[in-house]
file coords-v2.pdb (PDB, C-alpha atoms)
ATOM      1  CA  MET U  20     -30.674  47.036  51.310
ATOM      2  CA  GLU U  21     -33.227  49.576  50.103
ATOM      3  CA  SER U  22     -35.371  48.099  47.342
ATOM      4  CA  GLY U  23     -34.616  50.967  44.934
ATOM      5  CA  TYR U  24     -30.842  50.986  45.464
ATOM      6  CA  VAL U  25     -29.938  49.385  42.124
ATOM      7  CA  LYS U  26     -32.269  51.596  40.090
ATOM      8  CA  VAL U  27     -31.260  55.016  41.439
ATOM      9  CA  GLU U  28     -28.578  56.917  39.539
ATOM     10  CA  ASP U  29     -25.641  57.416  41.878
ATOM     11  CA  LYS U  30     -24.225  60.951  41.753
ATOM     12  CA  SER U  31     -22.329  60.875  45.044
ATOM     13  CA  LEU U  32     -18.565  61.320  45.392
ATOM     14  CA  LEU U  33     -16.064  58.483  45.181
ATOM     15  CA  LEU U  34     -14.735  57.155  48.478
ATOM     16  CA  LYS U  35     -11.307  58.467  49.413
ATOM     17  CA  ASP U  36     -10.250  55.157  50.953
ATOM     18  CA  GLU U  37     -11.422  52.249  48.788
ATOM     19  CA  THR U  38      -9.598  49.684  50.931
ATOM     20  CA  VAL U  39     -12.043  50.001  53.823
ATOM     21  CA  TYR U  40     -15.020  49.385  51.528
ATOM     22  CA  ARG U  41     -13.383  46.390  49.878
ATOM     23  CA  SER U  42     -12.481  44.876  53.231
ATOM     24  CA  LEU U  43     -16.050  45.251  54.508
ATOM     25  CA  VAL U  44     -17.590  43.817  51.339
ATOM     26  CA  GLY U  45     -15.197  40.868  51.503
ATOM     27  CA  ALA U  46     -16.368  40.113  55.040
ATOM     28  CA  LEU U  47     -20.021  40.436  54.022
ATOM     29  CA  LEU U  48     -19.524  38.070  51.081
ATOM     30  CA  TYR U  49     -17.924  35.502  53.407
ATOM     31  CA  ILE U  50     -20.901  35.671  55.773
ATOM     32  CA  ALA U  51     -23.375  35.475  52.874
ATOM     33  CA  VAL U  52     -21.684  32.373  51.429
ATOM     34  CA  CYS U  53     -21.224  30.511  54.716
ATOM     35  CA  ALA U  54     -24.174  31.238  56.975
ATOM     36  CA  ARG U  55     -26.592  33.992  55.945
ATOM     37  CA  PRO U  56     -28.344  33.384  52.624
ATOM     38  CA  ASP U  57     -30.721  36.278  53.334
ATOM     39  CA  ILE U  58     -27.966  38.831  52.604
ATOM     40  CA  ALA U  59     -26.598  37.102  49.497
ATOM     41  CA  VAL U  60     -28.079  39.492  46.939
ATOM     42  CA  SER U  61     -27.096  42.604  48.914
ATOM     43  CA  ALA U  62     -23.515  41.415  49.294
ATOM     44  CA  SER U  63     -23.406  40.491  45.608
ATOM     45  CA  ILE U  64     -24.617  43.931  44.496
ATOM     46  CA  LEU U  65     -22.138  45.689  46.786
ATOM     47  CA  GLY U  66     -19.390  43.482  45.378
ATOM     48  CA  ARG U  67     -19.995  44.901  41.902
ATOM     49  CA  LYS U  68     -18.903  48.335  43.125
ATOM     50  CA  VAL U  69     -15.482  47.470  44.581
ATOM     51  CA  SER U  70     -13.576  49.010  41.664
ATOM     52  CA  ALA U  71     -14.977  52.516  42.271
ATOM     53  CA  PRO U  72     -17.169  52.676  45.409
ATOM     54  CA  THR U  73     -19.029  55.868  46.213
ATOM     55  CA  GLU U  74     -20.394  57.407  49.395
ATOM     56  CA  THR U  75     -23.800  55.918  48.557
ATOM     57  CA  ASP U  76     -22.289  52.441  48.327
ATOM     58  CA  TRP U  77     -20.570  52.936  51.689
ATOM     59  CA  VAL U  78     -23.884  53.927  53.304
ATOM     60  CA  ALA U  79     -25.562  50.835  51.803
ATOM     61  CA  ALA U  80     -22.784  48.610  53.142
ATOM     62  CA  LYS U  81     -23.141  50.060  56.650
ATOM     63  CA  ARG U  82     -26.902  49.564  56.417
ATOM     64  CA  LEU U  83     -26.286  45.870  55.754
ATOM     65  CA  VAL U  84     -23.989  45.691  58.789
ATOM     66  CA  ARG U  85     -26.744  47.198  60.958
ATOM     67  CA  TYR U  86     -29.156  44.563  59.640
ATOM     68  CA  LEU U  87     -26.722  41.809  60.604
ATOM     69  CA  LYS U  88     -26.224  43.318  64.045
ATOM     70  CA  HIS U  89     -29.986  43.445  64.571
ATOM     71  CA  THR U  90     -30.340  39.794  63.477
ATOM     72  CA  LYS U  91     -27.091  38.385  64.884
ATOM     73  CA  ASN U  92     -28.954  35.553  66.661
ATOM     74  CA  TRP U  93     -30.390  34.166  63.431
ATOM     75  CA  LYS U  94     -28.945  30.837  62.358
ATOM     76  CA  LEU U  95     -29.735  28.102  59.882
ATOM     77  CA  GLU U  96     -31.766  25.325  61.444
ATOM     78  CA  PHE U  97     -32.334  21.882  59.997
ATOM     79  CA  GLY U  98     -34.836  19.181  60.912
ATOM     80  CA  ARG U  99     -37.957  21.314  60.566
ATOM     81  CA  SER U 100     -39.228  18.815  58.008
ATOM     82  CA  THR U 101     -38.393  15.384  56.659
ATOM     83  CA  ASP U 102     -38.286  16.590  53.062
ATOM     84  CA  GLY U 103     -35.317  15.641  50.966
ATOM     85  CA  LEU U 104     -33.675  17.904  48.423
ATOM     86  CA  ILE U 105     -35.938  20.653  47.027
ATOM     87  CA  GLY U 106     -34.818  23.473  44.739
ATOM     88  CA  SER U 107     -36.181  26.936  43.927
ATOM     89  CA  THR U 108     -34.974  29.189  41.127
ATOM     90  CA  ASP U 109     -35.789  32.714  39.996
ATOM     91  CA  ALA U 110     -34.366  35.605  37.973
ATOM     92  CA  ASP U 111     -34.662  39.370  37.891
ATOM     93  CA  TRP U 112     -34.783  40.270  34.192
ATOM     94  CA  ALA U 113     -32.429  43.114  33.179
ATOM     95  CA  GLY U 114     -32.155  44.176  36.800
ATOM     96  CA  ASP U 115     -28.671  45.656  36.401
ATOM     97  CA  THR U 116     -29.350  49.067  34.873
ATOM     98  CA  ALA U 117     -25.709  49.538  33.804
ATOM     99  CA  THR U 118     -25.295  46.319  31.784
ATOM    100  CA  ARG U 119     -28.928  45.176  31.461
ATOM    101  CA  ARG U 120     -27.894  41.733  32.606
ATOM    102  CA  SER U 121     -30.250  39.698  34.736
ATOM    103  CA  THR U 122     -29.592  38.275  38.187
ATOM    104  CA  THR U 123     -29.768  34.545  38.852
ATOM    105  CA  GLY U 124     -31.036  33.339  42.206
ATOM    106  CA  PHE U 125     -31.487  29.790  43.402
ATOM    107  CA  VAL U 126     -31.568  27.840  46.652
ATOM    108  CA  PHE U 127     -31.735  24.174  47.597
ATOM    109  CA  HIS U 128     -33.329  23.009  50.839
ATOM    110  CA  TYR U 129     -32.686  19.795  52.713
ATOM    111  CA  ALA U 130     -34.569  18.836  55.886
ATOM    112  CA  GLY U 131     -36.192  22.263  55.994
ATOM    113  CA  GLY U 132     -33.005  24.345  55.801
ATOM    114  CA  ALA U 133     -31.003  25.920  52.985
ATOM    115  CA  VAL U 134     -27.867  23.953  52.080
ATOM    116  CA  SER U 135     -26.830  25.653  48.842
ATOM    117  CA  TRP U 136     -27.679  29.048  47.371
ATOM    118  CA  ALA U 137     -26.406  31.621  44.904
ATOM    119  CA  SER U 138     -27.066  35.171  43.800
ATOM    120  CA  ARG U 139     -25.026  36.311  40.826
ATOM    121  CA  ARG U 140     -25.248  38.414  37.716
ATOM    122  CA  GLN U 141     -25.726  36.384  34.548
ATOM    123  CA  SER U 142     -22.873  36.280  32.047
ATOM    124  CA  CYS U 143     -25.061  37.209  29.072
ATOM    125  CA  VAL U 144     -27.817  39.679  28.239
ATOM    126  CA  THR U 145     -31.160  37.896  27.911
ATOM    127  CA  LEU U 146     -33.896  39.075  25.566
ATOM    128  CA  SER U 147     -36.965  38.204  27.649
ATOM    129  CA  SER U 148     -37.994  37.350  31.191
ATOM    130  CA  MET U 149     -38.574  33.735  30.136
ATOM    131  CA  GLU U 150     -35.032  33.500  28.795
ATOM    132  CA  ALA U 151     -33.620  35.012  32.001
ATOM    133  CA  GLU U 152     -35.573  32.451  34.034
ATOM    134  CA  TYR U 153     -34.287  29.667  31.808
ATOM    135  CA  VAL U 154     -30.664  30.719  32.203
ATOM    136  CA  ALA U 155     -31.177  30.761  35.989
ATOM    137  CA  LEU U 156     -32.791  27.322  35.823
ATOM    138  CA  SER U 157     -29.886  25.844  33.863
ATOM    139  CA  GLU U 158     -27.383  27.219  36.400
ATOM    140  CA  ALA U 159     -29.443  25.761  39.241
ATOM    141  CA  CYS U 160     -29.493  22.393  37.472
ATOM    142  CA  GLN U 161     -25.698  22.297  37.416
ATOM    143  CA  GLU U 162     -25.694  22.785  41.196
ATOM    144  CA  LEU U 163     -28.399  20.134  41.527
ATOM    145  CA  VAL U 164     -26.303  17.487  39.778
ATOM    146  CA  TRP U 165     -23.362  18.251  42.095
ATOM    147  CA  LEU U 166     -25.571  18.053  45.204
ATOM    148  CA  LEU U 167     -26.960  14.683  44.138
ATOM    149  CA  GLU U 168     -23.424  13.329  43.805
ATOM    150  CA  LEU U 169     -22.537  14.767  47.223
ATOM    151  CA  LEU U 170     -25.541  13.100  48.868
ATOM    152  CA  LYS U 171     -24.551   9.828  47.216
ATOM    153  CA  ASP U 172     -21.013  10.131  48.594
ATOM    154  CA  LEU U 173     -22.441  10.797  52.068
ATOM    155  CA  GLY U 174     -24.467   7.594  51.891
ATOM    156  CA  VAL U 175     -27.897   9.237  51.698
ATOM    157  CA  PRO U 176     -28.772   9.186  47.977
ATOM    158  CA  HIS U 177     -31.895  11.081  46.958
ATOM    159  CA  GLN U 178     -34.730   8.852  45.818
ATOM    160  CA  GLY U 179     -36.776   9.920  42.809
ATOM    161  CA  PRO U 180     -36.732  13.200  40.879
ATOM    162  CA  VAL U 181     -35.876  16.407  42.746
ATOM    163  CA  ARG U 182     -38.671  18.976  42.852
ATOM    164  CA  VAL U 183     -37.487  22.279  41.402
ATOM    165  CA  LEU U 184     -39.889  25.190  41.922
ATOM    166  CA  GLU U 185     -40.247  27.812  39.188
ATOM    167  CA  ASP U 186     -42.582  30.833  39.095
ATOM    168  CA  ASN U 187     -42.525  31.392  35.317
ATOM    169  CA  GLN U 188     -45.135  29.365  33.450
ATOM    170  CA  SER U 189     -43.541  30.120  30.072
ATOM    171  CA  CYS U 190     -40.237  28.687  31.259
ATOM    172  CA  ILE U 191     -41.894  25.465  32.425
ATOM    173  CA  ALA U 192     -43.770  25.151  29.126
ATOM    174  CA  PHE U 193     -40.563  25.823  27.208
ATOM    175  CA  VAL U 194     -38.818  22.896  28.892
ATOM    176  CA  ALA U 195     -41.734  20.601  28.078
ATOM    177  CA  SER U 196     -41.919  21.753  24.453
ATOM    178  CA  GLU U 197     -40.306  19.669  21.735
ATOM    179  CA  ARG U 198     -40.136  22.548  19.263
ATOM    180  CA  ILE U 199     -37.169  24.849  18.643
ATOM    181  CA  ASN U 200     -37.996  28.221  17.091
ATOM    182  CA  ARG U 201     -35.924  31.162  15.932
ATOM    183  CA  ARG U 202     -36.346  32.950  19.284
ATOM    184  CA  SER U 203     -34.740  30.085  21.199
ATOM    185  CA  LYS U 204     -31.941  28.961  18.893
ATOM    186  CA  HIS U 205     -29.305  30.857  20.861
ATOM    187  CA  ILE U 206     -30.142  28.998  24.090
ATOM    188  CA  GLU U 207     -30.526  25.558  22.514
ATOM    189  CA  THR U 208     -27.604  24.045  24.458
ATOM    190  CA  ARG U 209     -29.034  25.132  27.807
ATOM    191  CA  GLU U 210     -32.447  23.896  26.734
ATOM    192  CA  CYS U 211     -31.202  20.441  25.791
ATOM    193  CA  TYR U 212     -29.353  20.139  29.126
ATOM    194  CA  VAL U 213     -32.436  20.864  31.253
ATOM    195  CA  LYS U 214     -34.641  18.719  29.020
ATOM    196  CA  GLN U 215     -32.222  15.822  29.399
ATOM    197  CA  LEU U 216     -32.281  16.041  33.192
ATOM    198  CA  GLN U 217     -36.069  16.057  33.177
ATOM    199  CA  ASP U 218     -36.319  13.173  30.709
ATOM    200  CA  GLU U 219     -33.901  11.130  32.846
ATOM    201  CA  GLY U 220     -36.082  11.687  35.914
ATOM    202  CA  ILE U 221     -33.446  13.683  37.771
ATOM    203  CA  LEU U 222     -35.656  16.735  38.269
ATOM    204  CA  LYS U 223     -39.326  17.590  38.165
ATOM    205  CA  LEU U 224     -40.340  21.186  37.461
ATOM    206  CA  GLU U 225     -43.267  22.532  39.481
ATOM    207  CA  TYR U 226     -44.961  25.907  39.367
ATOM    208  CA  CYS U 227     -44.707  28.105  42.457
ATOM    209  CA  PRO U 228     -46.569  31.453  42.818
ATOM    210  CA  THR U 229     -44.295  34.484  42.946
ATOM    211  CA  ASP U 230     -45.556  35.455  46.420
ATOM    212  CA  THR U 231     -44.138  32.255  47.871
ATOM    213  CA  MET U 232     -41.055  31.934  45.658
ATOM    214  CA  VAL U 233     -38.231  31.980  48.194
ATOM    215  CA  ALA U 234     -35.566  32.355  45.482
ATOM    216  CA  ASP U 235     -36.904  35.876  44.882
ATOM    217  CA  VAL U 236     -34.801  37.016  47.849
ATOM    218  CA  PHE U 237     -31.666  36.178  45.814
ATOM    219  CA  THR U 238     -32.544  38.277  42.751
ATOM    220  CA  LYS U 239     -33.117  41.807  44.077
ATOM    221  CA  PRO U 240     -33.430  43.831  47.296
ATOM    222  CA  LEU U 241     -36.879  43.441  48.855
ATOM    223  CA  GLY U 242     -38.969  45.335  51.370
ATOM    224  CA  ALA U 243     -38.844  44.469  55.059
ATOM    225  CA  VAL U 244     -42.003  42.327  55.061
ATOM    226  CA  LYS U 245     -40.869  40.056  52.236
ATOM    227  CA  GLN U 246     -37.300  39.995  53.536
ATOM    228  CA  PHE U 247     -38.324  38.601  56.929
ATOM    229  CA  LYS U 248     -40.851  36.233  55.355
ATOM    230  CA  PHE U 249     -38.322  34.666  53.001
ATOM    231  CA  ALA U 250     -35.609  34.616  55.684
ATOM    232  CA  GLU U 251     -37.827  32.324  57.734
ATOM    233  CA  MET U 252     -38.580  30.183  54.668
ATOM    234  CA  LEU U 253     -34.833  29.751  54.142
ATOM    235  CA  GLY U 254     -34.658  27.983  57.511
ATOM    236  CA  LEU U 255     -33.229  30.805  59.598
ATOM    237  CA  SER U 256     -34.375  30.445  63.197
ATOM    238  CA  GLY U 257     -34.968  33.488  65.376
ATOM    239  CA  CYS U 258     -36.833  35.495  62.706
ATOM    240  CA  ASN U 259     -39.828  35.897  65.020
ATOM    241  CA  ASP U 260     -37.651  37.422  67.785
ATOM    242  CA  ARG U 261     -36.906  40.628  65.876
TER
END
call {"tool": "encode", "arguments": {"input": "coords-v2.pdb", "output": "structure tokens"}}
result
Amino acid sequence: MESGYVKVEDKSLLLKDETVYRSLVGALLYIAVCARPDIAVSASILGRKVSAPTETDWVAAKRLVRYLKHTKNWKLEFGRSTDGLIGSTDADWAGDTATRRSTTGFVFHYAGGAVSWASRRQSCVTLSSMEAEYVALSEACQELVWLLELLKDLGVPHQGPVRVLEDNQSCIAFVASERINRRSKHIETRECYVKQLQDEGILKLEYCPTDTMVADVFTKPLGAVKQFKFAEMLGLSGCNDR
């Protein structure tokens, strides 16, 4: 998807046949959920337009299909490393120009490959980039708890706290802080939840530079260079054969 797609005002005509668009987007969402995390944000953005798709949306959807056709040999590969569960989380603050809601993006790796990921619009409007990052972090933590239980059921429980990478220093400092101020009262419940997980040794927050934050690919459309770079970091094999 073109990087400026979500920020350009769409003045094109509505599609005459909405069913075709909805059918295509449904297929793209299925692929994004099951096998291709690199298209998750594009499929999610296209899914927001199913009620009244335009010609521009149809062109963007076909562009995504061409990308998949060009990279049809890519597949998730595991065993590249011996690392256990590692998480990455990011947010695009007020990225939706219509509602000014932010986009949550997170991914969890196991043995070098992505095993769980999400790209979705947040349910509330956040007032700062730190708050958007914190909302994304709390949603990722809910997935983390479920994954830990799943690993336990499979007989391979994770040992020690799970590393969760975050590229916002203010968010990391906010979790470590013991003080509640007037600017954070409305997210106190989320704050206490993440703090509790950290205090119990379930997760360990670590700073990750934005340039190497793989969860960035789940928050907004990126240019080709970053797209291919993060696709490889997700564990998709075949990225060098393009």
call {"tool": "resolve_selection", "arguments": {"input": "coords-v2.pdb", "expression": "the PyMOL selection byres ((chain U and resi 51) around 10)", "output": "list in words"}}
result
Gly45, Ala46, Leu47, Leu48, Tyr49, Ile50, Val52, Cys53, Ala54, Arg55, Pro56, Asp57, Ile58, Ala59, Val60, Ser61, Ala62, Ser63, Trp136, Ala137 and Ser138 of chain U
call {"tool": "residues_around", "arguments": {"input": "coords-v2.pdb", "residues": "stretch 223-236 of chain U", "least_positions_apart": "5", "cutoff": "9 Å", "atoms": "all atoms listed in the file", "output": "MDAnalysis selection string"}}
result
chainID U and resid 56:60 106:111 124:126 136 138 180:188 191 194 216:217 241 245:246 248:250 252:253
call {"tool": "atom_distance", "arguments": {"input": "coords-v2.pdb", "atom1": "atom CA of U:Glu28", "atom2": "atom CA of U:Ser121"}}
result
18.0 Å
call {"tool": "atom_distance", "arguments": {"input": "coords-v2.pdb", "atom1": "atom CA of U:Val213", "atom2": "atom CA of U:Leu173"}}
result
25.2 Å
call {"tool": "axis_aligned_box", "arguments": {"input": "coords-v2.pdb", "around": "stretch 151-156 of chain U", "padding_each_side": "4 Å", "output": "lines of an AutoDock Vina configuration file"}}
result
center_x = -33.1
center_y = 31.2
center_z = 33.9
size_x = 12.9
size_y = 15.7
size_z = 12.2
call {"tool": "residues_around", "arguments": {"input": "coords-v2.pdb", "residues": "U:Tyr129", "least_positions_apart": "2", "cutoff": "7 Å", "atoms": "only C-alpha atoms", "output": "number ranges by chain"}}
result
U: 102-105, 127, 131-134
call {"tool": "atom_distance", "arguments": {"input": "coords-v2.pdb", "atom1": "atom CA of U:Asp172", "atom2": "atom CA of U:Cys211"}}
result
27.0 Å
call {"tool": "closest_residue", "arguments": {"input": "coords-v2.pdb", "among": "U:Leu169, U:Ala130, U:Leu255, U:Cys160", "to": "U:Lys214", "atoms": "all atoms listed in the file"}}
result
U:Cys160
call {"tool": "resolve_selection", "arguments": {"input": "coords-v2.pdb", "expression": "the PyMOL selection byres ((chain U and resi 72-82) around 6)", "output": "PyMOL selection string"}}
result
chain U and resi 31-34+68-69+71+83-85
call {"tool": "write_last_selection", "arguments": {"input": "coords-v2.pdb", "atoms": "C-alpha atoms", "output": "compact mmCIF listing (two decimals), in the coordinates of the input"}}
result
# COMPACT_ATOMS: atom_id res chain seq x y z
CA SER U 31 -22.33 60.88 45.04
CA LEU U 32 -18.57 61.32 45.39
CA LEU U 33 -16.06 58.48 45.18
CA LEU U 34 -14.74 57.16 48.48
CA LYS U 68 -18.90 48.34 43.12
CA VAL U 69 -15.48 47.47 44.58
CA ALA U 71 -14.98 52.52 42.27
CA LEU U 83 -26.29 45.87 55.75
CA VAL U 84 -23.99 45.69 58.79
CA ARG U 85 -26.74 47.20 60.96
call {"tool": "residues_around", "arguments": {"input": "coords-v2.pdb", "residues": "U:Ser142", "least_positions_apart": "6", "cutoff": "12 Å", "atoms": "all atoms listed in the file", "output": "list in words"}}
result
Ala113, Asp115, Thr118, Arg119, Arg120, Ser121, Thr122, Thr123, Ala151, Val154, Ala155 and Glu158 of chain U
call {"tool": "write_last_selection", "arguments": {"input": "coords-v2.pdb", "atoms": "C-alpha atoms", "output": "CSV table (one decimal), keeping the file's coordinate frame"}}
result
chain,number,residue,atom,x,y,z
U,113,ALA,CA,-32.4,43.1,33.2
U,115,ASP,CA,-28.7,45.7,36.4
U,118,THR,CA,-25.3,46.3,31.8
U,119,ARG,CA,-28.9,45.2,31.5
U,120,ARG,CA,-27.9,41.7,32.6
U,121,SER,CA,-30.2,39.7,34.7
U,122,THR,CA,-29.6,38.3,38.2
U,123,THR,CA,-29.8,34.5,38.9
U,151,ALA,CA,-33.6,35.0,32.0
U,154,VAL,CA,-30.7,30.7,32.2
U,155,ALA,CA,-31.2,30.8,36.0
U,158,GLU,CA,-27.4,27.2,36.4
call {"tool": "closest_residue", "arguments": {"input": "coords-v2.pdb", "among": "U:Val164, U:Gly98, U:Ala117, U:Ser70", "to": "U:Glu37", "atoms": "only C-alpha atoms"}}
result
U:Ser70
call {"tool": "closest_residue", "arguments": {"input": "coords-v2.pdb", "among": "U:His128, U:Ser196, U:Thr116, U:Tyr40", "to": "U:Leu95", "atoms": "only C-alpha atoms"}}
result
U:His128
call {"tool": "closest_residue", "arguments": {"input": "coords-v2.pdb", "among": "U:Gly254, U:Gly220, U:Gly66, U:Gly242", "to": "U:Gln178", "atoms": "all atoms listed in the file"}}
result
U:Gly220
